[in-house]
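Structure file input.tsv; described as TSV, N, CA and C atoms.
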```tsv
chain	number	residue	atom	x	y	z
A	1	MET	N	114.53	118.73	100.76
A	1	MET	CA	114.53	118.54	102.20
A	1	MET	C	113.15	118.89	102.74
A	2	ALA	N	112.62	118.05	103.59
A	2	ALA	CA	111.34	118.30	104.24
A	2	ALA	C	111.49	119.39	105.28
A	3	ILE	N	110.44	120.15	105.51
A	3	ILE	CA	110.50	121.18	106.54
A	3	ILE	C	109.79	120.78	107.81
A	4	TYR	N	109.09	119.67	107.79
A	4	TYR	CA	108.39	119.19	108.98
A	4	TYR	C	108.87	117.79	109.34
A	5	THR	N	108.88	117.49	110.63
A	5	THR	CA	109.12	116.10	111.04
A	5	THR	C	107.81	115.34	111.07
A	6	HIS	N	106.72	116.06	111.42
A	6	HIS	CA	105.40	115.44	111.45
A	6	HIS	C	104.34	116.53	111.67
A	7	VAL	N	103.09	116.15	111.45
A	7	VAL	CA	101.94	117.01	111.69
A	7	VAL	C	100.98	116.23	112.57
A	8	VAL	N	100.37	116.89	113.54
A	8	VAL	CA	99.44	116.24	114.47
A	8	VAL	C	98.10	116.97	114.44
A	9	LEU	N	97.01	116.20	114.39
A	9	LEU	CA	95.67	116.73	114.58
A	9	LEU	C	95.02	116.00	115.74
A	10	GLY	N	94.26	116.73	116.54
A	10	GLY	CA	93.59	116.14	117.69
A	10	GLY	C	92.26	115.52	117.33
A	11	THR	N	91.85	114.56	118.15
A	11	THR	CA	90.55	113.92	117.98
A	11	THR	C	89.92	113.68	119.35
A	12	ASN	N	88.61	113.68	119.37
A	12	ASN	CA	87.86	113.33	120.58
A	12	ASN	C	87.34	111.91	120.52
A	13	ASP	N	87.43	111.27	119.36
A	13	ASP	CA	86.96	109.90	119.17
A	13	ASP	C	87.96	109.18	118.27
A	14	LEU	N	88.92	108.51	118.86
A	14	LEU	CA	90.01	107.89	118.12
A	14	LEU	C	89.52	106.83	117.13
A	15	ALA	N	88.53	106.04	117.52
A	15	ALA	CA	88.01	105.00	116.63
A	15	ALA	C	87.37	105.61	115.38
A	16	LYS	N	86.56	106.64	115.58
A	16	LYS	CA	85.88	107.31	114.47
A	16	LYS	C	86.90	107.99	113.55
A	17	ALA	N	87.88	108.66	114.14
A	17	ALA	CA	88.92	109.33	113.36
A	17	ALA	C	89.76	108.32	112.59
A	18	THR	N	90.10	107.20	113.21
A	18	THR	CA	90.90	106.18	112.54
A	18	THR	C	90.16	105.63	111.33
A	19	LYS	N	88.87	105.35	111.47
A	19	LYS	CA	88.08	104.86	110.34
A	19	LYS	C	88.10	105.87	109.19
A	20	PHE	N	87.90	107.15	109.52
A	20	PHE	CA	87.90	108.21	108.51
A	20	PHE	C	89.26	108.29	107.81
A	21	TYR	N	90.34	108.41	108.57
A	21	TYR	CA	91.67	108.59	107.97
A	21	TYR	C	92.16	107.36	107.24
A	22	ASP	N	91.87	106.16	107.74
A	22	ASP	CA	92.24	104.95	107.02
A	22	ASP	C	91.64	104.98	105.61
A	23	ALA	N	90.38	105.36	105.51
A	23	ALA	CA	89.69	105.38	104.21
A	23	ALA	C	90.14	106.55	103.34
A	24	ALA	N	90.19	107.75	103.89
A	24	ALA	CA	90.48	108.95	103.09
A	24	ALA	C	91.93	109.00	102.62
A	25	LEU	N	92.87	108.50	103.41
A	25	LEU	CA	94.28	108.61	103.05
A	25	LEU	C	94.78	107.46	102.19
A	26	ALA	N	94.11	106.32	102.21
A	26	ALA	CA	94.54	105.16	101.41
A	26	ALA	C	94.69	105.48	99.93
A	27	PRO	N	93.75	106.22	99.30
A	27	PRO	CA	93.91	106.53	97.88
A	27	PRO	C	95.14	107.38	97.57
A	28	LEU	N	95.71	108.01	98.59
A	28	LEU	CA	96.88	108.86	98.42
A	28	LEU	C	98.18	108.11	98.73
A	29	GLY	N	98.06	106.82	99.05
A	29	GLY	CA	99.23	106.03	99.36
A	29	GLY	C	99.74	106.21	100.78
A	30	ILE	N	98.91	106.78	101.63
A	30	ILE	CA	99.28	107.01	103.04
A	30	ILE	C	98.64	105.91	103.88
A	31	LYS	N	99.47	105.20	104.65
A	31	LYS	CA	99.02	104.02	105.38
A	31	LYS	C	98.93	104.26	106.89
A	32	ASN	N	98.05	103.52	107.53
A	32	ASN	CA	98.00	103.45	108.98
A	32	ASN	C	99.19	102.60	109.40
A	33	LEU	N	100.14	103.21	110.12
A	33	LEU	CA	101.35	102.52	110.54
A	33	LEU	C	101.25	101.95	111.94
A	34	GLY	N	100.07	102.07	112.55
A	34	GLY	CA	99.85	101.48	113.86
A	34	GLY	C	99.62	102.49	114.95
A	35	PRO	N	99.35	101.98	116.14
A	35	PRO	CA	99.01	102.85	117.27
A	35	PRO	C	100.22	103.59	117.83
A	36	MET	N	99.92	104.71	118.43
A	36	MET	CA	100.89	105.49	119.19
A	36	MET	C	100.45	105.37	120.65
A	37	GLY	N	100.78	104.24	121.25
A	37	GLY	CA	100.26	103.94	122.59
A	37	GLY	C	98.76	103.80	122.52
A	38	ASP	N	98.07	104.27	123.54
A	38	ASP	CA	96.60	104.21	123.53
A	38	ASP	C	96.00	105.57	123.18
A	39	ARG	N	96.84	106.53	122.80
A	39	ARG	CA	96.40	107.90	122.55
A	39	ARG	C	96.25	108.28	121.11
A	40	GLY	N	96.86	107.54	120.18
A	40	GLY	CA	96.84	108.00	118.81
A	40	GLY	C	97.17	106.95	117.79
A	41	VAL	N	97.23	107.39	116.53
A	41	VAL	CA	97.55	106.52	115.40
A	41	VAL	C	98.57	107.26	114.52
A	42	LEU	N	99.54	106.49	114.01
A	42	LEU	CA	100.60	107.02	113.15
A	42	LEU	C	100.27	106.72	111.69
A	43	TYR	N	100.48	107.70	110.81
A	43	TYR	CA	100.24	107.53	109.37
A	43	TYR	C	101.46	107.99	108.60
A	44	GLY	N	101.68	107.36	107.44
A	44	GLY	CA	102.75	107.78	106.55
A	44	GLY	C	102.86	106.83	105.39
A	45	ALA	N	103.73	107.16	104.44
A	45	ALA	CA	104.00	106.27	103.32
A	45	ALA	C	105.01	105.21	103.75
A	46	GLU	N	106.05	105.63	104.44
A	46	GLU	CA	107.10	104.72	104.92
A	46	GLU	C	107.37	104.90	106.41
A	47	ALA	N	107.35	106.14	106.87
A	47	ALA	CA	107.63	106.47	108.27
A	47	ALA	C	106.53	107.39	108.78
A	48	PRO	N	106.32	107.46	110.09
A	48	PRO	CA	105.27	108.33	110.64
A	48	PRO	C	105.52	109.80	110.30
A	49	GLU	N	104.54	110.40	109.64
A	49	GLU	CA	104.61	111.82	109.30
A	49	GLU	C	103.36	112.57	109.75
A	50	PHE	N	102.27	111.84	109.90
A	50	PHE	CA	100.99	112.43	110.27
A	50	PHE	C	100.42	111.62	111.42
A	51	LEU	N	99.99	112.29	112.47
A	51	LEU	CA	99.46	111.62	113.65
A	51	LEU	C	98.10	112.20	114.01
A	52	ILE	N	97.20	111.32	114.44
A	52	ILE	CA	95.96	111.78	115.07
A	52	ILE	C	96.03	111.31	116.52
A	53	THR	N	95.71	112.19	117.44
A	53	THR	CA	95.84	111.85	118.85
A	53	THR	C	94.76	112.51	119.69
A	54	LYS	N	94.52	111.91	120.83
A	54	LYS	CA	93.76	112.59	121.88
A	54	LYS	C	94.73	113.61	122.47
A	55	PRO	N	94.28	114.83	122.76
A	55	PRO	CA	95.19	115.83	123.30
A	55	PRO	C	95.88	115.37	124.59
A	56	ALA	N	97.17	115.62	124.69
A	56	ALA	CA	97.97	115.19	125.84
A	56	ALA	C	97.54	115.89	127.14
A	57	ASN	N	96.96	117.09	127.01
A	57	ASN	CA	96.58	117.84	128.21
A	57	ASN	C	95.22	117.43	128.76
A	58	GLY	N	94.55	116.46	128.10
A	58	GLY	CA	93.27	115.98	128.59
A	58	GLY	C	92.09	116.86	128.22
A	59	GLN	N	92.33	118.00	127.60
A	59	GLN	CA	91.25	118.89	127.18
A	59	GLN	C	90.65	118.40	125.86
A	60	PRO	N	89.43	118.82	125.51
A	60	PRO	CA	88.84	118.41	124.24
A	60	PRO	C	89.66	118.89	123.04
A	61	ALA	N	89.71	118.08	122.00
A	61	ALA	CA	90.34	118.49	120.75
A	61	ALA	C	89.45	119.51	120.06
A	62	THR	N	90.06	120.53	119.49
A	62	THR	CA	89.35	121.54	118.71
A	62	THR	C	90.09	121.73	117.40
A	63	TYR	N	89.39	122.27	116.41
A	63	TYR	CA	90.02	122.51	115.11
A	63	TYR	C	90.41	123.97	114.99
A	64	ALA	N	91.32	124.24	114.07
A	64	ALA	CA	91.81	125.60	113.85
A	64	ALA	C	90.92	126.31	112.86
A	65	ASN	N	90.44	127.50	113.21
A	65	ASN	CA	89.69	128.32	112.29
A	65	ASN	C	90.68	128.93	111.31
A	66	GLY	N	90.54	128.59	110.04
A	66	GLY	CA	91.47	129.08	109.03
A	66	GLY	C	92.59	128.11	108.75
A	67	GLY	N	92.74	127.07	109.55
A	67	GLY	CA	93.80	126.09	109.33
A	67	GLY	C	93.34	124.99	108.40
A	68	THR	N	94.22	124.56	107.49
A	68	THR	CA	93.93	123.47	106.56
A	68	THR	C	95.18	122.63	106.42
A	69	LEU	N	95.03	121.33	106.44
A	69	LEU	CA	96.12	120.40	106.22
A	69	LEU	C	95.94	119.81	104.83
A	70	GLY	N	96.95	119.97	103.96
A	70	GLY	CA	96.87	119.50	102.58
A	70	GLY	C	97.71	118.27	102.34
A	71	PHE	N	97.14	117.31	101.62
A	71	PHE	CA	97.83	116.08	101.26
A	71	PHE	C	98.06	116.05	99.75
A	72	HIS	N	99.19	115.50	99.34
A	72	HIS	CA	99.57	115.41	97.94
A	72	HIS	C	98.97	114.17	97.29
A	73	SER	N	98.49	114.33	96.08
A	73	SER	CA	98.04	113.20	95.27
A	73	SER	C	98.78	113.27	93.94
A	74	THR	N	99.20	112.14	93.44
A	74	THR	CA	99.88	112.12	92.14
A	74	THR	C	98.90	112.17	90.98
A	75	THR	N	97.61	111.89	91.26
A	75	THR	CA	96.61	111.88	90.19
A	75	THR	C	95.33	112.58	90.63
A	76	ARG	N	94.57	113.01	89.66
A	76	ARG	CA	93.25	113.59	89.94
A	76	ARG	C	92.28	112.53	90.46
A	77	ASP	N	92.44	111.30	89.98
A	77	ASP	CA	91.62	110.21	90.48
A	77	ASP	C	91.85	110.00	91.98
A	78	GLY	N	93.09	110.18	92.43
A	78	GLY	CA	93.39	110.08	93.85
A	78	GLY	C	92.67	111.15	94.65
A	79	VAL	N	92.60	112.37	94.12
A	79	VAL	CA	91.87	113.45	94.78
A	79	VAL	C	90.40	113.08	94.88
A	80	ASN	N	89.83	112.58	93.79
A	80	ASN	CA	88.42	112.18	93.78
A	80	ASN	C	88.17	111.07	94.80
A	81	ALA	N	89.07	110.08	94.84
A	81	ALA	CA	88.90	108.95	95.77
A	81	ALA	C	89.05	109.39	97.22
A	82	PHE	N	89.99	110.30	97.50
A	82	PHE	CA	90.15	110.87	98.84
A	82	PHE	C	88.83	111.49	99.31
A	83	HIS	N	88.24	112.31	98.46
A	83	HIS	CA	87.00	113.00	98.81
A	83	HIS	C	85.86	112.01	99.01
A	84	ALA	N	85.69	111.08	98.09
A	84	ALA	CA	84.61	110.09	98.19
A	84	ALA	C	84.76	109.22	99.43
A	85	ALA	N	85.98	108.75	99.70
A	85	ALA	CA	86.20	107.89	100.87
A	85	ALA	C	85.97	108.66	102.16
A	86	GLY	N	86.43	109.89	102.20
A	86	GLY	CA	86.20	110.71	103.39
A	86	GLY	C	84.72	110.96	103.63
A	87	MET	N	83.99	111.28	102.58
A	87	MET	CA	82.55	111.53	102.71
A	87	MET	C	81.81	110.27	103.16
A	88	SER	N	82.27	109.11	102.73
A	88	SER	CA	81.62	107.85	103.09
A	88	SER	C	81.99	107.36	104.49
A	89	ASN	N	82.93	108.04	105.12
A	89	ASN	CA	83.42	107.58	106.43
A	89	ASN	C	83.39	108.68	107.48
A	90	GLY	N	82.36	109.51	107.45
A	90	GLY	CA	82.13	110.48	108.50
A	90	GLY	C	82.61	111.88	108.23
A	91	GLY	N	83.17	112.13	107.05
A	91	GLY	CA	83.62	113.48	106.71
A	91	GLY	C	82.48	114.32	106.16
A	92	THR	N	82.71	115.63	106.12
A	92	THR	CA	81.75	116.54	105.51
A	92	THR	C	82.44	117.34	104.41
A	93	ASP	N	81.68	117.68	103.40
A	93	ASP	CA	82.21	118.38	102.22
A	93	ASP	C	82.56	119.83	102.54
A	94	GLU	N	83.75	120.23	102.09
A	94	GLU	CA	84.17	121.63	102.18
A	94	GLU	C	84.59	122.15	100.81
A	95	GLY	N	84.38	121.37	99.78
A	95	GLY	CA	84.74	121.77	98.42
A	95	GLY	C	84.93	120.54	97.55
A	96	ALA	N	83.99	120.30	96.66
A	96	ALA	CA	84.02	119.10	95.82
A	96	ALA	C	85.26	119.07	94.94
A	97	PRO	N	85.67	117.87	94.51
A	97	PRO	CA	86.83	117.77	93.63
A	97	PRO	C	86.63	118.56	92.35
A	98	GLY	N	87.71	119.23	91.93
A	98	GLY	CA	87.66	119.98	90.69
A	98	GLY	C	88.84	120.89	90.54
A	99	PRO	N	88.93	121.55	89.37
A	99	PRO	CA	90.02	122.48	89.13
A	99	PRO	C	89.95	123.67	90.09
A	100	ARG	N	91.11	124.18	90.43
A	100	ARG	CA	91.22	125.38	91.25
A	100	ARG	C	91.97	126.43	90.43
A	101	THR	N	91.63	127.67	90.61
A	101	THR	CA	92.12	128.72	89.72
A	101	THR	C	93.47	129.31	90.09
A	102	PHE	N	94.05	128.95	91.23
A	102	PHE	CA	95.27	129.63	91.64
A	102	PHE	C	96.52	129.20	90.88
A	103	THR	N	96.48	128.05	90.20
A	103	THR	CA	97.53	127.66	89.25
A	103	THR	C	96.86	126.90	88.12
A	104	PRO	N	97.47	126.88	86.95
A	104	PRO	CA	96.81	126.26	85.79
A	104	PRO	C	96.48	124.77	85.95
A	105	THR	N	97.26	124.03	86.73
A	105	THR	CA	97.02	122.58	86.83
A	105	THR	C	96.46	122.15	88.18
A	106	ALA	N	96.13	123.08	89.05
A	106	ALA	CA	95.64	122.73	90.39
A	106	ALA	C	94.29	122.01	90.31
A	107	TYR	N	94.21	120.86	90.97
A	107	TYR	CA	92.97	120.08	91.07
A	107	TYR	C	92.89	119.61	92.51
A	108	GLY	N	91.84	120.02	93.21
A	108	GLY	CA	91.76	119.71	94.63
A	108	GLY	C	90.37	119.39	95.11
A	109	ALA	N	90.32	118.94	96.37
A	109	ALA	CA	89.06	118.65	97.06
A	109	ALA	C	89.27	118.91	98.55
A	110	TYR	N	88.22	119.37	99.22
A	110	TYR	CA	88.29	119.71	100.64
A	110	TYR	C	87.25	118.93	101.44
A	111	LEU	N	87.64	118.55	102.66
A	111	LEU	CA	86.79	117.83	103.60
A	111	LEU	C	87.00	118.38	105.00
A	112	ARG	N	86.05	118.10	105.86
A	112	ARG	CA	86.23	118.22	107.31
A	112	ARG	C	86.20	116.80	107.85
A	113	ASP	N	87.13	116.49	108.76
A	113	ASP	CA	87.11	115.17	109.39
A	113	ASP	C	86.03	115.14	110.46
A	114	PRO	N	85.78	114.00	111.11
A	114	PRO	CA	84.70	113.93	112.11
A	114	PRO	C	84.87	114.90	113.29
A	115	ASP	N	86.09	115.40	113.53
A	115	ASP	CA	86.31	116.37	114.60
A	115	ASP	C	86.29	117.81	114.11
A	116	GLY	N	86.07	118.04	112.82
A	116	GLY	CA	85.98	119.38	112.27
A	116	GLY	C	87.27	119.92	111.68
A	117	ASN	N	88.36	119.14	111.69
A	117	ASN	CA	89.61	119.59	111.08
A	117	ASN	C	89.43	119.67	109.57
A	118	LYS	N	89.94	120.75	108.97
A	118	LYS	CA	89.80	120.95	107.52
A	118	LYS	C	91.01	120.35	106.81
A	119	LEU	N	90.73	119.52	105.79
A	119	LEU	CA	91.75	118.81	105.03
A	119	LEU	C	91.51	119.04	103.54
A	120	CYS	N	92.56	118.87	102.77
A	120	CYS	CA	92.40	118.87	101.33
A	120	CYS	C	93.40	117.91	100.71
A	121	ALA	N	93.14	117.53	99.48
A	121	ALA	CA	94.09	116.78	98.67
A	121	ALA	C	94.21	117.51	97.36
A	122	TYR	N	95.45	117.61	96.86
A	122	TYR	CA	95.71	118.31	95.61
A	122	TYR	C	96.61	117.50	94.70
A	123	CYS	N	96.32	117.61	93.41
A	123	CYS	CA	97.17	117.11	92.34
A	123	CYS	C	97.53	118.32	91.47
A	124	PHE	N	98.81	118.46	91.14
A	124	PHE	CA	99.25	119.56	90.29
A	124	PHE	C	99.75	119.08	88.93
A	125	ALA	N	99.54	117.79	88.63
A	125	ALA	CA	99.93	117.26	87.33
A	125	ALA	C	98.97	117.74	86.26
A	126	PRO	N	99.45	117.94	85.04
A	126	PRO	CA	98.52	118.30	83.95
A	126	PRO	C	97.52	117.19	83.70
A	127	GLU	N	96.38	117.56	83.12
A	127	GLU	CA	95.33	116.57	82.83
A	127	GLU	C	95.83	115.42	82.04
```

Could I get this file's structure written as structure tokens?
Amino acid sequence: MAIYTHVVLGTNDLAKATKFYDAALAPLGIKNLGPMGDRGVLYGAEAPEFLITKPANGQPATYANGGTLGFHSTTRDGVNAFHAAGMSNGGTDEGAPGPRTFTPTAYGAYLRDPDGNKLCAYCFAPE
């Protein structure tokens, strides 16, 4: 059973964020499912689970200090492609793809999106 209905991150530039997320999430099998009115974009594998939006209160979007949103990848190649696509589409590096020491099979990569939100992709399958 899932514990979330969806996750939302704010953006100050919807076009720039859409370009970044379309590219970075595609290797993970996450698709742009279309607009959420004129304020946002819906993403998911089958149904909307992740949204990027302009804040509803009209204030600038800001990122969380210490907050990270993690995406699942079934392969290490998917993690590598997530990182490369994000870097090529306005993201900044927060940790190159590679093994992580907190579990024996952890393989991850970290990025910041164009608005400064921290993201990662992880694969926990054995090599």

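Computed from the coordinates, the atom CA of A:Gly86 to atom CA of A:Ala24 distance equals 4.6 Å.
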
Please give the complete set of residues from chain A that DSSP, run on the backbone, assigns to strand (DSSP E or B), formatted as a PyMOL selection string.
-> chain A and resi 7-10+31-36+40-44+50-53+69-72+92-99+107-112+118-123

Would you mind listing, for every residue of stretch 35-54 of chain A within 9 Å of stretch 8-17 of chain A, the two atoms forming the shortest contact and the distance between them in Å to one decimal, using only C-alpha atoms, sorted by chain and ascending residue number, as a Markdown table?
```
| residue | atom | partner | partner_atom | distance |
| --- | --- | --- | --- | --- |
| A:Arg39 | CA | A:Leu14 | CA | 7.8 |
| A:Gly40 | CA | A:Leu14 | CA | 6.9 |
| A:Val41 | CA | A:Leu14 | CA | 8.1 |
| A:Glu49 | CA | A:Val8 | CA | 8.5 |
| A:Phe50 | CA | A:Val8 | CA | 5.9 |
| A:Leu51 | CA | A:Val8 | CA | 4.7 |
| A:Ile52 | CA | A:Leu9 | CA | 5.0 |
| A:Thr53 | CA | A:Gly10 | CA | 5.0 |
| A:Lys54 | CA | A:Thr11 | CA | 5.2 |
```

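Here atom N of A:Phe82 stands at a distance of 24.1 Å from atom N of A:Thr5.
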
For the point (81.0, 116.5, 103.5) in file coordinates, what residues are within 9 Å, counting only C-alpha atoms? Give the answer as a PyMOL selection string?
-> chain A and resi 83+86-88+90-96+110-113

Please build the interface table for stretch 48-87 of chain A against stretch 25-29 of chain A with a cut-off of 12 Å, listing for each qualifying residue the nearest atom pair and the distance in Å to one decimal; count only C-alpha atoms, order rows by chain and increasing number, and write it as JSON lines.
```
{"residue": "A:Phe50", "atom": "CA", "partner": "A:Leu25", "partner_atom": "CA", "distance": 10.6}
{"residue": "A:Gly70", "atom": "CA", "partner": "A:Leu25", "partner_atom": "CA", "distance": 11.2}
{"residue": "A:Phe71", "atom": "CA", "partner": "A:Leu28", "partner_atom": "CA", "distance": 7.8}
{"residue": "A:His72", "atom": "CA", "partner": "A:Leu28", "partner_atom": "CA", "distance": 7.1}
{"residue": "A:Ser73", "atom": "CA", "partner": "A:Leu28", "partner_atom": "CA", "distance": 5.5}
{"residue": "A:Thr74", "atom": "CA", "partner": "A:Leu28", "partner_atom": "CA", "distance": 7.7}
{"residue": "A:Thr75", "atom": "CA", "partner": "A:Leu28", "partner_atom": "CA", "distance": 8.8}
{"residue": "A:Arg76", "atom": "CA", "partner": "A:Leu28", "partner_atom": "CA", "distance": 10.4}
{"residue": "A:Asp77", "atom": "CA", "partner": "A:Pro27", "partner_atom": "CA", "distance": 8.6}
{"residue": "A:Gly78", "atom": "CA", "partner": "A:Pro27", "partner_atom": "CA", "distance": 5.4}
{"residue": "A:Val79", "atom": "CA", "partner": "A:Leu28", "partner_atom": "CA", "distance": 7.7}
{"residue": "A:Asn80", "atom": "CA", "partner": "A:Pro27", "partner_atom": "CA", "distance": 8.9}
{"residue": "A:Ala81", "atom": "CA", "partner": "A:Pro27", "partner_atom": "CA", "distance": 6.0}
{"residue": "A:Phe82", "atom": "CA", "partner": "A:Pro27", "partner_atom": "CA", "distance": 5.8}
{"residue": "A:His83", "atom": "CA", "partner": "A:Leu25", "partner_atom": "CA", "distance": 9.5}
{"residue": "A:Ala84", "atom": "CA", "partner": "A:Pro27", "partner_atom": "CA", "distance": 10.0}
{"residue": "A:Ala85", "atom": "CA", "partner": "A:Pro27", "partner_atom": "CA", "distance": 8.4}
{"residue": "A:Gly86", "atom": "CA", "partner": "A:Leu25", "partner_atom": "CA", "distance": 8.4}
```

Looking only at the backbone, which of the residues in stretch 17-111 of chain A does DSSP tag as helix (DSSP H, G or I), as a ChimeraX atom specification?
-> /A:17-28,76-88

Please, what distance in Å, to one decimal, runs between atom CA of A:Pro35 and atom CA of A:Thr18?
->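 About the pair atom CA of A:Pro35 and atom CA of A:Thr18: they are 10.0 Å apart.
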
Would you please work out which residue, of A:Ala125, A:Gly44, A:Pro104, A:Thr68, is nearest to A:Asn32 when using all atoms listed in the file?
->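 Under the stated criterion, the closest residue is A:Gly44.
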
Exercise on stretch 82-99 of chain A, axis-aligned box with 6 Å per side, report centre and edge lengths in Å to one decimal, as AutoDock Vina command-line options:
```
--center_x 85.9 --center_y 115.5 --center_z 98.8 --size_x 20.5 --size_y 28.3 --size_z 31.4
```

Minimum-distance residue to A:Leu119, chosen among A:Gly67, A:Val7, A:Gly98, A:Tyr107 (using only N, CA and C atoms) |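 That would be A:Gly67, the residue with the smallest distance to A:Leu119.
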